[in-house]
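**Q** One structure coming up, written as structure tokens, with questions to follow.
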Amino acid sequence: DAGVIQSPRHEVTEMGQEVTLRCKPISGHDYLFWYRQTMMRGLELLIYFNNNVPIDDSGMPEDRFSAKMPNASFSTLKIQPSEPRDSAVYFCASSPSTVNTEAFFGQGTRLTVV
Amino acid sequence: DAKTTQPTSMDCAEGRAANLPCNHSTISGNEYVYWYRQIHSQGPQYIIHGLKNNETNEMASLIITEDRKSSTLILPHATLRDTAVYYCIVTAGGTSYGKLTFGQGTILTVHP
């Protein structure tokens, strides 16, 4: 398996524009997580899904952020409208339902909002 | 999840063992200790985890004190490629173990 695949790797957009980040989890994994990393706040969990259903979105910063998982092999994180403070690296991770094993992270999407 | 405390940074000579400490004095009985690392510009990478027994895999060893209030990650023969931020995370585990609360971690620098 190629691992967790995120696209794009880099995104530069203007303030006010809509941004969509994409993630393909490892096949067979039941959990999918979206994280954000900034210098100020470090790595923080935004939302996670189990079997395509959002379980906990308490980390989503505000209504401008939304995430979907239409099927087991694809998830999106959308920011509309984007703001400069959304600039960060966004990571997607997936894990199987096997008890007490590891999470696998993608390479991240570096978002810059100007 | 219990809070963890790690030194901000550590240095290690290449080829020597790197011992990274972590305090988790409020850990509860059903919580696991996980270690991840993040090499510059990459996603976090799982290293090892344990509940109360010492654990070893191809990457590292994890030593957990008997009272479980602290642990040490050991990289037996550090290389330059081990330079990274190391995160000690305590979590209840179960099946949602990807739900991780990252602290600031320890910046390990391995020098020649």
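For the structure tokens, the naming scheme is as follows: chains receive sequential letters (A, B, ...) according to their order of presentation, residues are indexed from 1 within each chain, and ligands are indexed from 1 in presentation order.
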Near chain A, which residues of chain B fall within 10 Å when you count only C-alpha atoms, and what do they look like as number ranges by chain?
**A** B: 32, 34-36, 41-51, 91-105
**Q** Please indicate the distance in Å from atom CA of Arg37 of chain B to atom CA of Lys52 of chain B, rounded to one decimal place.
**A**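 Computing the Euclidean distance for atom CA of Arg37 of chain B and atom CA of Lys52 of chain B yields 20.9 Å.
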**Q** Counting only C-alpha atoms, figure out which residue out of A:Ala2, A:Asp57, A:Lys78, A:Gln37 gets nearest to Thr20 of chain A.
**A**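 Going through A:Ala2, A:Asp57, A:Lys78, A:Gln37 one by one, the smallest distance to Thr20 of chain A is for A:Lys78.
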**Q** So, counting only C-alpha atoms, which residue among B:Thr109, B:Gly29, B:Cys12, B:Pro21 is closest to Cys88 of chain B?
**A**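 Of B:Thr109, B:Gly29, B:Cys12, B:Pro21, the one nearest Cys88 of chain B, counting only C-alpha atoms, is B:Pro21.
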